[in-house]
Amino acid sequence: SQSEELIVPSMQRERGMMMSRQRMSESLNISVGDDLDIDDVWFDETSLMDDHITGILDKWDCIEDEIWAKIILMEKNRRVAKAYIRTPVLMVNGGNVGFDGEIIGLSGFDNTLRDTDSERVLSMVGEGCRMKMDDGGNIMVKRISKEKIFCQNLNDRNKFELEIGKPEILFDMRKFQHTVSREMRKDQPDWGRVRQQAISSLVFGDDESSVLDQPVWLLMINIVALDLLRSRIESVRKVTLAAVDGSVDSTEERVTKEEDPYFSGLEAKVPPFVHQDSIDQDDHQVLGHPVSWHRKVGPSPPIRSCSK
């Protein structure tokens, strides 16, 4: 109608050009370009955890025995860098060093899609924090930076702010053991969920509701915890198979809470080269996952079958 012919042009002048799906699609494709690697972007926290755990399990025979953790640097939902950790004390700061084996400088990694939020937090990290693993398999962290740093468990949403200069437990091995023991009592254990418990995170600066919205944060996977769980599952599987074959004595099938380190804690002897020191002592402690932590036989060198 004539009225419609008058209204539409006026709307065009007020709101600009009419919408075009093709034009919008082309614009979005140009803005993203080839910089977006879908393998480095996640939209779901569960998928993020499961994908990284699967990556570790797939390369398990290639992981050296001295490695005690894997760290993934995230900027919001994009992975910027990843590294295996074997140094006794790990420093994480806002420097440009990248990763030299002992220090992670968060500003030393390229991210072509880095936004202003991440740039702002990176400039504020400063001296960051220090992390180490004690002889009980716990991961300890101490905040040095003046800027806020939060510890967060992605499973139970438990989050707390670190105090400056005060060592805190980022990963609690005893709590992980209790989770394993509870799962063992179930008819159908969910080992995927238990493996997720081996993951902790550190958030720098901001405190967003979703971890995937955090401008700068670290995902830390405890390799020792995965090793303990892997050994436990394997031992149970062997006992089950032996029981089915009728080749195991009934007394050997009984695993009491006192005998099982997963119920009683890490009571196995720890090799003398592993010392229990505070996070303030930058000694030459040799960290890793001693075999005697999770086996009832004496320590023996690991068998690695990996083609490099």
# chains A, B, ... in the order shown; residues from 1 in each chain; ligands from 1
>>> closest_atom_pairs(of="segment 108-146 of chain A", to="segment 219-229 of chain A", cutoff="9 Å", atoms="only C-alpha atoms", output="CSV")
residue,atom,partner,partner_atom,distance
A:Gly137,CA,A:Val224,CA,6.7
A:Asn138,CA,A:Asn222,CA,8.8
A:Ile139,CA,A:Asn222,CA,8.0
>>> write_last_selection(atoms="all heavy atoms", output="PDB file, in the first residue's frame")
ATOM      1  N   GLY A 137      51.642 -35.959  47.381  1.00  0.00           N
ATOM      2  CA  GLY A 137      50.942 -35.832  46.112  1.00  0.00           C
ATOM      3  C   GLY A 137      50.068 -34.611  46.019  1.00  0.00           C
ATOM      4  O   GLY A 137      49.380 -34.405  45.008  1.00  0.00           O
ATOM      5  N   ASN A 138      50.062 -33.763  47.078  1.00  0.00           N
ATOM      6  CA  ASN A 138      49.298 -32.517  47.037  1.00  0.00           C
ATOM      7  C   ASN A 138      50.042 -31.487  46.191  1.00  0.00           C
ATOM      8  O   ASN A 138      51.273 -31.456  46.181  1.00  0.00           O
ATOM      9  CB  ASN A 138      49.106 -31.955  48.448  1.00  0.00           C
ATOM     10  CG  ASN A 138      48.460 -32.951  49.384  1.00  0.00           C
ATOM     11  OD1 ASN A 138      47.350 -33.416  49.153  1.00  0.00           O
ATOM     12  ND2 ASN A 138      49.173 -33.302  50.452  1.00  0.00           N
ATOM     13  N   ILE A 139      49.311 -30.643  45.510  1.00  0.00           N
ATOM     14  CA  ILE A 139      49.903 -29.529  44.786  1.00  0.00           C
ATOM     15  C   ILE A 139      49.673 -28.270  45.610  1.00  0.00           C
ATOM     16  O   ILE A 139      48.536 -27.903  45.900  1.00  0.00           O
ATOM     17  CB  ILE A 139      49.298 -29.375  43.389  1.00  0.00           C
ATOM     18  CG1 ILE A 139      49.623 -30.603  42.537  1.00  0.00           C
ATOM     19  CG2 ILE A 139      49.844 -28.118  42.702  1.00  0.00           C
ATOM     20  CD1 ILE A 139      49.043 -30.561  41.135  1.00  0.00           C
TER      21      ILE A 139
END
>>> select_by_dssp(residues="segment 99-225 of chain A", states="helix (DSSP H, G or I)", output="JSON, numbers by chain")
{"A": [106, 107, 108, 116, 117, 118, 119, 120, 121, 122, 173, 174, 175, 176, 177, 178, 179, 180, 181, 182, 183, 184, 191, 192, 193, 194, 195, 196, 211, 212, 213, 223, 224, 225]}
>>> closest_residue(among="A:Met133, A:Ile149, A:Val125, A:Val194", to="Asp172 of chain A", atoms="only C-alpha atoms")
A:Met133
>>> closest_residue(among="A:Glu163, A:Asp39, A:Asp187, A:Glu75", to="Leu212 of chain A", atoms="only C-alpha atoms")
A:Glu75
>>> atom_distance(atom1="atom CA of Lys148 of chain A", atom2="atom CA of Glu168 of chain A")
14.1 Å
>>> closest_residue(among="A:Leu113, A:Ile56, A:Ile67, A:Cys151", to="Asp40 of chain A", atoms="only C-alpha atoms")
A:Leu113
>>> residues_around(residues="Asn93 of chain A", least_positions_apart="2", cutoff="8 Å", atoms="only C-alpha atoms", output="MDAnalysis selection string")
chainID A and resid 91 95 103:106 125:129
>>> select_by_dssp(residues="segment 4-251 of chain A", states="strand (DSSP E)", output="ChimeraX atom specification")
/A:69-75,78-85,89-93,98-99,103-105,129-133,139-143,149-152,159-161,167-171,199-204,217-222
>>> closest_residue(among="A:Thr54, A:Ser118, A:Thr87, A:Ser47", to="Asp206 of chain A", atoms="only C-alpha atoms")
A:Ser118
>>> residues_around(residues="Leu90 of chain A", least_positions_apart="5", cutoff="8 Å", atoms="only C-alpha atoms", output="list of chain:residue names")
A:Ile85, A:Glu102, A:Ile103, A:Ile104, A:Arg130, A:Met131, A:Lys132
>>> closest_residue(among="A:Ser145, A:Leu202, A:Ala81, A:Ser231", to="Gly98 of chain A", atoms="only C-alpha atoms")
A:Ala81
>>> closest_residue(among="A:Leu218, A:Arg143, A:Asp135, A:Arg78", to="Thr112 of chain A", atoms="only C-alpha atoms")
A:Arg78
